[in-house]
Each structure stands twice: as C-alpha cells, then as structure tokens.
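**Student:** Next comes the structure file work_30.txt, holding compact mmCIF, C-alpha atoms.
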# COMPACT_ATOMS: atom_id res chain seq x y z
CA GLN A 1 97.42 87.48 112.35
CA LYS A 2 99.39 90.11 110.48
CA GLU A 3 102.97 89.02 109.89
CA VAL A 4 104.62 92.35 109.11
CA GLU A 5 103.08 95.50 110.53
CA GLN A 6 103.73 99.12 109.74
CA ASN A 7 101.94 102.30 110.64
CA SER A 8 100.25 103.36 107.40
CA GLY A 9 100.66 107.07 108.14
CA PRO A 10 100.83 109.52 106.61
CA LEU A 11 103.95 110.49 108.49
CA SER A 12 104.71 114.15 107.96
CA VAL A 13 108.27 115.37 108.59
CA PRO A 14 109.78 118.83 107.96
CA GLU A 15 112.52 119.09 105.36
CA GLY A 16 115.95 118.59 106.93
CA ALA A 17 114.62 116.63 109.91
CA ILE A 18 115.03 112.92 110.67
CA ALA A 19 112.24 110.61 109.51
CA SER A 20 111.79 107.48 111.60
CA LEU A 21 109.90 104.52 110.16
CA ASN A 22 109.11 101.41 112.17
CA CYS A 23 108.14 97.83 111.40
CA THR A 24 107.38 94.78 113.55
CA TYR A 25 107.25 91.16 112.45
CA SER A 26 105.74 88.06 113.98
CA ASP A 27 107.95 85.18 112.78
CA ARG A 28 110.95 84.75 115.08
CA GLY A 29 112.60 82.61 112.40
CA SER A 30 112.95 85.59 110.06
CA GLN A 31 116.48 86.06 108.81
CA SER A 32 116.58 88.88 106.29
CA PHE A 33 115.04 92.34 106.45
CA PHE A 34 114.62 94.92 103.74
CA TRP A 35 113.33 98.43 103.21
CA TYR A 36 111.90 99.39 99.85
CA ARG A 37 110.82 102.81 98.64
CA GLN A 38 107.85 103.00 96.29
CA TYR A 39 106.78 106.14 94.50
CA SER A 40 103.17 106.32 93.39
CA GLY A 41 102.64 104.24 90.24
CA LYS A 42 106.19 102.83 90.33
CA SER A 43 107.79 99.58 91.40
CA PRO A 44 109.49 99.00 94.78
CA GLU A 45 113.10 100.15 94.89
CA LEU A 46 115.47 98.52 97.36
CA ILE A 47 117.14 101.05 99.66
CA MET A 48 118.43 99.00 102.60
CA SER A 49 118.98 95.40 103.65
CA ILE A 50 119.98 94.20 107.11
CA TYR A 51 120.73 90.68 108.30
CA SER A 52 122.12 91.00 111.84
CA ASN A 53 121.23 92.90 115.00
CA GLY A 54 122.38 96.48 115.24
CA ASP A 55 122.65 99.42 112.88
CA LYS A 56 123.60 99.60 109.23
CA GLU A 57 124.28 102.96 107.62
CA ASP A 58 124.25 103.88 103.95
CA GLY A 59 124.43 107.58 103.19
CA ARG A 60 121.44 109.32 104.74
CA PHE A 61 119.75 106.00 105.57
CA THR A 62 120.23 103.89 108.68
CA ALA A 63 118.49 100.56 109.21
CA GLN A 64 118.20 99.19 112.74
CA LEU A 65 117.37 95.60 113.63
CA ASN A 66 116.42 94.13 117.01
CA LYS A 67 115.56 90.44 116.64
CA ALA A 68 114.77 89.99 120.34
CA SER A 69 112.04 92.64 120.12
CA GLN A 70 111.15 91.68 116.55
CA TYR A 71 111.36 95.13 115.08
CA VAL A 72 113.24 96.83 112.34
CA SER A 73 113.40 100.55 111.69
CA LEU A 74 114.62 102.97 109.06
CA LEU A 75 115.98 106.42 109.79
CA ILE A 76 116.29 109.00 107.04
CA ARG A 77 118.53 111.92 107.97
CA ASP A 78 118.33 115.37 106.39
CA SER A 79 114.97 114.48 104.82
CA GLN A 80 114.36 115.87 101.33
CA PRO A 81 111.08 116.39 99.47
CA SER A 82 112.24 113.66 97.07
CA ASP A 83 112.07 111.22 100.00
CA SER A 84 108.28 111.55 99.98
CA ALA A 85 107.06 108.06 99.08
CA THR A 86 105.65 104.89 100.58
CA TYR A 87 108.23 102.82 102.45
CA LEU A 88 107.71 99.07 102.51
CA CYS A 89 109.20 96.82 105.15
CA ALA A 90 109.85 93.26 103.93
CA VAL A 91 110.96 90.13 105.72
CA ASN A 92 112.30 86.82 104.42
CA LYS A 93 111.16 83.86 106.44
CA ARG A 94 113.32 81.24 104.75
CA SER A 95 111.17 78.47 106.12
CA GLY A 96 112.81 75.05 106.14
CA GLY A 97 115.89 76.33 104.37
CA GLY A 98 114.12 76.59 101.07
CA ALA A 99 113.54 79.75 99.15
CA ASP A 100 110.37 81.67 99.53
CA GLY A 101 109.43 85.20 98.78
CA LEU A 102 109.32 88.27 100.90
CA THR A 103 106.49 89.07 103.28
CA PHE A 104 105.65 92.74 102.99
CA GLY A 105 103.98 95.19 105.30
CA LYS A 106 101.39 97.53 103.82
CA GLY A 107 103.81 100.43 103.89
CA THR A 108 104.16 103.81 105.57
CA HIS A 109 103.34 106.88 103.52
CA LEU A 110 106.01 109.50 104.24
CA ILE A 111 105.53 113.19 103.38
CA ILE A 112 108.47 115.60 103.63
CA GLN A 113 107.20 119.13 104.02
CA PRO A 114 109.36 121.85 102.39
CA ASN T 1 122.21 95.74 82.31
CA ALA T 2 118.47 96.25 81.84
CA GLY T 3 117.75 94.47 85.15
CA VAL T 4 114.24 93.04 85.33
CA THR T 5 111.93 93.83 82.43
CA GLN T 6 108.20 93.14 82.17
CA THR T 7 105.72 93.26 79.32
CA PRO T 8 103.12 94.53 78.77
CA LYS T 9 102.96 97.68 80.92
CA PHE T 10 99.17 97.83 80.80
CA ARG T 11 96.46 95.40 79.75
CA ILE T 12 92.69 95.24 79.86
CA LEU T 13 91.13 91.77 79.75
CA LYS T 14 87.57 90.63 79.55
CA ILE T 15 86.30 88.09 82.07
CA GLY T 16 87.25 84.59 80.96
CA GLN T 17 90.11 85.62 78.69
CA SER T 18 93.67 84.39 79.19
CA MET T 19 97.04 86.09 78.93
CA THR T 20 100.70 85.69 79.74
CA LEU T 21 102.72 88.30 81.60
CA GLN T 22 106.34 88.22 80.52
CA CYS T 23 109.33 88.71 82.82
CA THR T 24 113.01 88.64 81.88
CA GLN T 25 116.12 89.37 83.93
CA ASP T 26 119.71 89.77 82.74
CA MET T 27 121.47 89.64 86.10
CA ASN T 28 121.97 85.85 86.04
CA HIS T 29 119.87 85.53 89.19
CA ASN T 30 118.73 82.05 90.02
CA TYR T 31 115.66 83.02 92.05
CA MET T 32 112.65 84.73 90.48
CA TYR T 33 109.27 85.76 91.91
CA TRP T 34 105.84 87.04 90.97
CA TYR T 35 103.93 89.37 93.30
CA ARG T 36 100.65 91.20 93.02
CA GLN T 37 99.84 94.49 94.71
CA ASP T 38 96.29 95.64 95.31
CA PRO T 39 95.56 99.29 96.21
CA GLY T 40 96.62 100.15 99.76
CA MET T 41 97.94 96.67 100.32
CA GLY T 42 101.36 95.13 100.59
CA LEU T 43 102.71 92.85 97.92
CA LYS T 44 101.55 89.24 97.96
CA LEU T 45 103.66 86.39 96.59
CA ILE T 46 102.00 84.40 93.80
CA TYR T 47 104.74 81.99 92.64
CA TYR T 48 108.48 81.70 92.87
CA SER T 49 111.27 79.73 91.24
CA VAL T 50 114.73 78.76 92.47
CA GLY T 51 116.01 77.79 89.05
CA ALA T 52 115.13 76.54 85.59
CA GLY T 53 112.53 73.79 85.83
CA ILE T 54 111.70 74.44 89.49
CA THR T 55 108.67 76.43 90.61
CA ASP T 56 106.56 76.60 93.75
CA LYS T 57 103.40 78.25 95.00
CA GLY T 58 103.37 81.36 97.11
CA GLU T 59 100.61 82.85 99.22
CA VAL T 60 98.03 83.53 96.46
CA PRO T 61 98.57 81.07 93.55
CA ASN T 62 94.96 80.30 92.61
CA GLY T 63 94.10 81.29 89.04
CA TYR T 64 97.74 81.51 87.93
CA ASN T 65 100.38 79.26 86.44
CA VAL T 66 104.10 79.68 85.84
CA SER T 67 106.93 77.97 84.05
CA ARG T 68 110.71 78.45 84.12
CA SER T 69 112.46 76.96 81.13
CA THR T 70 115.48 79.30 81.24
CA THR T 71 117.35 81.24 83.91
CA GLU T 72 116.32 84.54 82.33
CA ASP T 73 112.57 84.12 81.82
CA PHE T 74 109.70 83.54 84.23
CA PRO T 75 106.29 84.05 82.55
CA LEU T 76 103.05 84.20 84.55
CA ARG T 77 99.93 82.77 82.93
CA LEU T 78 96.41 83.87 83.82
CA GLU T 79 93.71 81.43 82.77
CA LEU T 80 90.05 82.46 82.79
CA ALA T 81 90.60 85.99 84.03
CA ALA T 82 88.34 87.19 86.85
CA PRO T 83 87.72 90.72 88.24
CA SER T 84 89.55 89.66 91.43
CA GLN T 85 92.74 89.45 89.36
CA THR T 86 92.66 93.18 88.67
CA SER T 87 95.93 94.29 90.21
CA VAL T 88 99.48 95.44 89.56
CA TYR T 89 101.85 92.54 88.96
CA PHE T 90 105.53 92.74 89.77
CA CYS T 91 108.25 90.32 88.84
CA ALA T 92 111.44 90.23 90.91
CA SER T 93 114.72 88.37 90.95
CA SER T 94 117.50 87.73 93.43
CA PHE T 95 120.72 85.87 93.96
CA ARG T 96 119.60 83.21 96.42
CA TYR T 97 117.95 84.66 99.54
CA TYR T 98 119.43 88.08 99.19
CA GLU T 99 118.16 91.37 97.87
CA GLN T 100 115.26 91.18 95.43
CA TYR T 101 115.10 93.58 92.51
CA PHE T 102 111.77 94.42 90.95
CA GLY T 103 110.63 95.03 87.41
CA PRO T 104 108.47 98.04 86.45
CA GLY T 105 105.19 96.14 86.79
CA THR T 106 102.16 95.29 84.68
CA ARG T 107 98.88 97.02 85.46
CA LEU T 108 96.04 94.60 84.66
CA THR T 109 92.33 95.37 84.62
CA VAL T 110 89.74 92.61 84.19
CA THR T 111 86.25 93.79 83.28
Let's see the structure in the file written out as structure tokens.
**Tutor:**
Amino acid sequence: QKEVEQNSGPLSVPEGAIASLNCTYSDRGSQSFFWYRQYSGKSPELIMSIYSNGDKEDGRFTAQLNKASQYVSLLIRDSQPSDSATYLCAVNKRSGGGADGLTFGKGTHLIIQP
Amino acid sequence: NAGVTQTPKFRILKIGQSMTLQCTQDMNHNYMYWYRQDPGMGLKLIYYSVGAGITDKGEVPNGYNVSRSTTEDFPLRLELAAPSQTSVYFCASSFRYYEQYFGPGTRLTVT
C-alpha cells in the first residue's frame, strides 16, 4: 500500500496561472507535512512546511492541510517558468514519539508554459 | 553557513568494492538522515541518527552501515557494492522533527 501518493503528471500550467498540486497520505498518525521542489539533477529544496489544519501562505506559495481527509496541497500563484520542477510531498510519521525520516511521494512534474 | 555538504559528488564503483559517503552539517542539527533516490521514484530512508552515538535503520538499510561520532558528521558506508546500489544518495539534517535540509547528493554507479 502506497503511503504518500501524488499524481506524477506532467502538470502543464500557463505562465501567470495558479498551479495546484495534490498529495494524499495513508497514516492518520502523521504530524508534519512538507513540500519540496527538486530541479532535474539537483537535491530537494524545502519550500513549505505545515503542521496544523488549514492554510499557510508564504509569498506565492500556499500549503493546505486537511487531516480528516488525509490530503495536503500546494498552490503556486502567478506561476513562473522557473517554477517548472518536480514537487515532492513528504510526511513525517513520528511513530512512537521517536524520530524517523520523511516518507516521500514520487513527485509531480510541473511544467509552466511561457 | 555551508549547510549540508556531501562528498564525493560522483563515484563509479566495481561490484564488490567498498566506499564511504561523507556528510557534514554546520547547522548544529541533532538529527541526520541518509536517503537514496532511484530514477522516477521518491526518496527512501536508509538510516537516521538522533544524536552522536545513536543510529537506527530506515526503510532500506540492507548493504549499508552508518556511524555518528560527532554532531556534525554522519558517514554512510557501503560494503560489497552491488548494482542495486546504483542511485543518488542524499544526506539531510534537521532540528528534531522539523524541517529537513538536504545536501547536494552523491551520484553512485556500481558496475
């Protein structure tokens, strides 16, 4: 059973539009949720973290979390060609109170068309 | 701050050889992690550490070993390299359970 699921895309969005990326997770005990951006051949770069239900905004990015429905989303407003990348959703299970790593989805490939 | 640094950037190994991937962070983070990323796949956790002298297995630990003698360093050891270990390896660090920051990665090919 996949634990973190994302649509692999590619998701094509015109420049200036809103890009909407979605992610669902299976473990109801998940506590922390992250979005990473990864350019081809580069390492993941953290762009948003969210820990409680609702919306969190940072510049052109908005993360949305709904724990009851077990989904987290990322909105990118005024999309730019430089936003073209793979976006990874990651979840921290924090099982038993101990530390463990992030569980990643396979990523959504986003293409912003000029 | 340099953040998380990894060496080498690239390496080609022959089957059966061994090597150590180095990872250093200067953010005074207590938690450190090793992930591998295969093409078209998400990152998989190999090992993690919550502090000097404390390490634990992640999802895919077979064929790897780690040690954590200092807060800054978290080397990953590959013994008896196999083609299945061809991957990109990322080290990351965090302050407790919070945001993880990744190094630039090591691209390893085993032939």
**Student:** Can you tell me which residues surround Val88 (chain T) at a distance of at most 7 Å, considering only C-alpha atoms, apart from same-chain residues fewer than 3 positions away, and format the answer as an MDAnalysis selection string?
**Tutor:** chainID T and resid 36:38 105:108
**Student:** Produce the centre coordinates and the three edge lengths, each in Å to one decimal, of the box along x, y and z that contains all listed atoms of region 95-101 of chain T with 5 Å added on each side, as lines of an AutoDock Vina configuration file.
**Tutor:**
center_x = 117.9
center_y = 88.4
center_z = 96.0
size_x = 15.6
size_y = 20.4
size_z = 17.0
**Student:** Please check the contacts: residues of chain A at most 6 Å away from chain T, using all atoms listed in the file, listed as a list in words.
**Tutor:** Ser43, Phe104, Gly105 and Lys106 of chain A
**Student:** So that I can check the surroundings of Trp35 (chain A), please list as a list in words every protein, DNA and RNA residue that reaches within 8 Å of it, counting only C-alpha atoms and ignoring chain neighbours fewer than 6 positions away.
**Tutor:**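 In the requested form, the answer reads Leu46, Ile47, Met48, Ser49, Leu74, Tyr87, Leu88, Cys89 and Ala90 of chain A.
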**Student:** Using C-alpha atoms, can you export the residues from the last selection as a compact mmCIF listing (two decimals), keeping the file's coordinate frame?
**Tutor:**
# COMPACT_ATOMS: atom_id res chain seq x y z
CA LEU A 46 115.47 98.52 97.36
CA ILE A 47 117.14 101.05 99.66
CA MET A 48 118.43 99.00 102.60
CA SER A 49 118.98 95.40 103.65
CA LEU A 74 114.62 102.97 109.06
CA TYR A 87 108.23 102.82 102.45
CA LEU A 88 107.71 99.07 102.51
CA CYS A 89 109.20 96.82 105.15
CA ALA A 90 109.85 93.26 103.93
**Student:** To one decimal place, how far is CA of Asn7 (chain A) from CA of Gly59 (chain A) in Å?
**Tutor:** 24.3 Å
**Student:** Give me, please, the distance in Å between CA of Thr109 (chain T) and CA of Ser84 (chain A), quoted to one decimal.
**Tutor:**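 Between CA of Thr109 (chain T) and CA of Ser84 (chain A) the gap works out to 27.4 Å.
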**Student:** Report, in Å with one decimal, the straight-line distance from CA of Asn92 (chain A) to CA of Pro8 (chain T).
**Tutor:**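 Computing it gives 28.3 Å between the two atoms.
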**Student:** Could you write chain T of the block just shown to a file containing C-alpha atoms, as a PDB file, in the first residue's frame?
**Tutor:**
ATOM      1  CA  ASN T   1      26.862  28.578   6.860  1.00  0.00           C
ATOM      2  CA  ALA T   2      27.601  25.912   4.256  1.00  0.00           C
ATOM      3  CA  GLY T   3      24.547  23.886   5.377  1.00  0.00           C
ATOM      4  CA  VAL T   4      24.812  20.201   4.495  1.00  0.00           C
ATOM      5  CA  THR T   5      27.807  19.155   2.420  1.00  0.00           C
ATOM      6  CA  GLN T   6      28.452  15.782   0.799  1.00  0.00           C
ATOM      7  CA  THR T   7      31.475  14.202  -0.831  1.00  0.00           C
ATOM      8  CA  PRO T   8      32.120  12.899  -3.390  1.00  0.00           C
ATOM      9  CA  LYS T   9      29.697  14.314  -5.975  1.00  0.00           C
ATOM     10  CA  PHE T  10      30.128  11.355  -8.311  1.00  0.00           C
ATOM     11  CA  ARG T  11      31.640   7.895  -7.949  1.00  0.00           C
ATOM     12  CA  ILE T  12      31.863   4.742 -10.011  1.00  0.00           C
ATOM     13  CA  LEU T  13      32.450   1.509  -8.110  1.00  0.00           C
ATOM     14  CA  LYS T  14      33.066  -2.008  -9.262  1.00  0.00           C
ATOM     15  CA  ILE T  15      30.922  -4.806  -7.868  1.00  0.00           C
ATOM     16  CA  GLY T  16      32.280  -5.919  -4.502  1.00  0.00           C
ATOM     17  CA  GLN T  17      34.179  -2.720  -3.739  1.00  0.00           C
ATOM     18  CA  SER T  18      33.508  -0.619  -0.650  1.00  0.00           C
ATOM     19  CA  MET T  19      33.310   3.115  -0.077  1.00  0.00           C
ATOM     20  CA  THR T  20      32.234   5.741   2.404  1.00  0.00           C
ATOM     21  CA  LEU T  21      29.957   8.641   1.517  1.00  0.00           C
ATOM     22  CA  GLN T  22      30.730  11.657   3.657  1.00  0.00           C
ATOM     23  CA  CYS T  23      28.146  14.064   5.076  1.00  0.00           C
ATOM     24  CA  THR T  24      28.771  17.121   7.249  1.00  0.00           C
ATOM     25  CA  GLN T  25      26.394  19.787   8.526  1.00  0.00           C
ATOM     26  CA  ASP T  26      27.231  23.067  10.266  1.00  0.00           C
ATOM     27  CA  MET T  27      23.757  23.994  11.494  1.00  0.00           C
ATOM     28  CA  ASN T  28      24.144  22.224  14.856  1.00  0.00           C
ATOM     29  CA  HIS T  29      21.233  19.950  13.989  1.00  0.00           C
ATOM     30  CA  ASN T  30      20.849  16.917  16.173  1.00  0.00           C
ATOM     31  CA  TYR T  31      19.007  14.741  13.654  1.00  0.00           C
ATOM     32  CA  MET T  32      20.650  13.490  10.468  1.00  0.00           C
ATOM     33  CA  TYR T  33      19.422  11.171   7.705  1.00  0.00           C
ATOM     34  CA  TRP T  34      20.523   9.247   4.637  1.00  0.00           C
ATOM     35  CA  TYR T  35      18.154   8.757   1.706  1.00  0.00           C
ATOM     36  CA  ARG T  36      18.525   7.190  -1.700  1.00  0.00           C
ATOM     37  CA  GLN T  37      16.602   8.214  -4.800  1.00  0.00           C
ATOM     38  CA  ASP T  38      16.200   5.936  -7.780  1.00  0.00           C
ATOM     39  CA  PRO T  39      15.017   7.335 -11.149  1.00  0.00           C
ATOM     40  CA  GLY T  40      11.320   8.239 -11.123  1.00  0.00           C
ATOM     41  CA  MET T  41      10.986   7.223  -7.511  1.00  0.00           C
ATOM     42  CA  GLY T  42      10.580   9.069  -4.257  1.00  0.00           C
ATOM     43  CA  LEU T  43      13.331   9.189  -1.698  1.00  0.00           C
ATOM     44  CA  LYS T  44      13.746   6.166   0.553  1.00  0.00           C
ATOM     45  CA  LEU T  45      15.204   6.404   4.059  1.00  0.00           C
ATOM     46  CA  ILE T  46      18.306   4.274   4.630  1.00  0.00           C
ATOM     47  CA  TYR T  47      19.450   5.245   8.144  1.00  0.00           C
ATOM     48  CA  TYR T  48      18.938   8.076  10.568  1.00  0.00           C
ATOM     49  CA  SER T  49      20.505   9.406  13.746  1.00  0.00           C
ATOM     50  CA  VAL T  50      19.081  11.488  16.587  1.00  0.00           C
ATOM     51  CA  GLY T  51      22.454  12.392  18.021  1.00  0.00           C
ATOM     52  CA  ALA T  52      26.081  11.396  18.415  1.00  0.00           C
ATOM     53  CA  GLY T  53      26.342   7.682  19.142  1.00  0.00           C
ATOM     54  CA  ILE T  54      22.714   6.924  18.243  1.00  0.00           C
ATOM     55  CA  THR T  55      21.671   5.482  14.892  1.00  0.00           C
ATOM     56  CA  ASP T  56      18.718   3.479  13.614  1.00  0.00           C
ATOM     57  CA  LYS T  57      17.596   1.716  10.470  1.00  0.00           C
ATOM     58  CA  GLY T  58      15.198   3.211   7.996  1.00  0.00           C
ATOM     59  CA  GLU T  59      13.203   1.570   5.233  1.00  0.00           C
ATOM     60  CA  VAL T  60      16.089   0.225   3.095  1.00  0.00           C
ATOM     61  CA  PRO T  61      19.167  -0.379   5.326  1.00  0.00           C
ATOM     62  CA  ASN T  62      20.483  -3.624   3.814  1.00  0.00           C
ATOM     63  CA  GLY T  63      24.001  -3.299   2.404  1.00  0.00           C
ATOM     64  CA  TYR T  64      24.765  -0.091   4.318  1.00  0.00           C
ATOM     65  CA  ASN T  65      26.242   0.940   7.642  1.00  0.00           C
ATOM     66  CA  VAL T  66      26.473   4.256   9.451  1.00  0.00           C
ATOM     67  CA  SER T  67      28.175   5.791  12.432  1.00  0.00           C
ATOM     68  CA  ARG T  68      27.732   9.109  14.249  1.00  0.00           C
ATOM     69  CA  SER T  69      30.699  10.042  16.389  1.00  0.00           C
ATOM     70  CA  THR T  70      30.103  13.811  16.255  1.00  0.00           C
ATOM     71  CA  THR T  71      27.103  16.110  15.853  1.00  0.00           C
ATOM     72  CA  GLU T  72      28.435  17.371  12.523  1.00  0.00           C
ATOM     73  CA  ASP T  73      29.308  14.167  10.660  1.00  0.00           C
ATOM     74  CA  PHE T  74      27.219  11.210   9.527  1.00  0.00           C
ATOM     75  CA  PRO T  75      29.125   8.963   7.081  1.00  0.00           C
ATOM     76  CA  LEU T  76      27.408   6.172   5.131  1.00  0.00           C
ATOM     77  CA  ARG T  77      29.422   3.037   4.423  1.00  0.00           C
ATOM     78  CA  LEU T  78      28.729   0.712   1.511  1.00  0.00           C
ATOM     79  CA  GLU T  79      30.235  -2.741   1.881  1.00  0.00           C
ATOM     80  CA  LEU T  80      30.433  -5.115  -1.085  1.00  0.00           C
ATOM     81  CA  ALA T  81      28.814  -2.786  -3.598  1.00  0.00           C
ATOM     82  CA  ALA T  82      26.088  -4.281  -5.810  1.00  0.00           C
ATOM     83  CA  PRO T  83      24.425  -2.926  -8.994  1.00  0.00           C
ATOM     84  CA  SER T  84      21.206  -2.464  -6.974  1.00  0.00           C
ATOM     85  CA  GLN T  85      23.009   0.256  -5.007  1.00  0.00           C
ATOM     86  CA  THR T  86      23.332   2.424  -8.098  1.00  0.00           C
ATOM     87  CA  SER T  87      21.414   5.515  -7.045  1.00  0.00           C
ATOM     88  CA  VAL T  88      21.652   9.121  -5.934  1.00  0.00           C
ATOM     89  CA  TYR T  89      22.325   9.448  -2.213  1.00  0.00           C
ATOM     90  CA  PHE T  90      21.183  12.439  -0.207  1.00  0.00           C
ATOM     91  CA  CYS T  91      22.107  13.357   3.316  1.00  0.00           C
ATOM     92  CA  ALA T  92      19.791  15.618   5.310  1.00  0.00           C
ATOM     93  CA  SER T  93      19.658  17.195   8.737  1.00  0.00           C
ATOM     94  CA  SER T  94      17.016  18.760  10.952  1.00  0.00           C
ATOM     95  CA  PHE T  95      16.397  20.225  14.347  1.00  0.00           C
ATOM     96  CA  ARG T  96      14.314  17.479  15.934  1.00  0.00           C
ATOM     97  CA  TYR T  97      11.225  16.583  13.882  1.00  0.00           C
ATOM     98  CA  TYR T  98      11.105  19.791  11.954  1.00  0.00           C
ATOM     99  CA  GLU T  99      12.200  20.831   8.505  1.00  0.00           C
ATOM    100  CA  GLN T 100      14.888  18.681   6.894  1.00  0.00           C
ATOM    101  CA  TYR T 101      17.569  20.298   4.769  1.00  0.00           C
ATOM    102  CA  PHE T 102      19.316  18.298   2.101  1.00  0.00           C
ATOM    103  CA  GLY T 103      22.863  18.167   0.834  1.00  0.00           C
ATOM    104  CA  PRO T 104      23.703  18.281  -2.893  1.00  0.00           C
ATOM    105  CA  GLY T 105      23.835  14.493  -3.254  1.00  0.00           C
ATOM    106  CA  THR T 106      26.268  11.826  -4.393  1.00  0.00           C
ATOM    107  CA  ARG T 107      25.611  10.068  -7.687  1.00  0.00           C
ATOM    108  CA  LEU T 108      26.877   6.480  -7.400  1.00  0.00           C
ATOM    109  CA  THR T 109      27.160   3.929 -10.186  1.00  0.00           C
ATOM    110  CA  VAL T 110      28.080   0.303  -9.467  1.00  0.00           C
ATOM    111  CA  THR T 111      29.172  -1.727 -12.489  1.00  0.00           C
TER     112      THR T 111
END
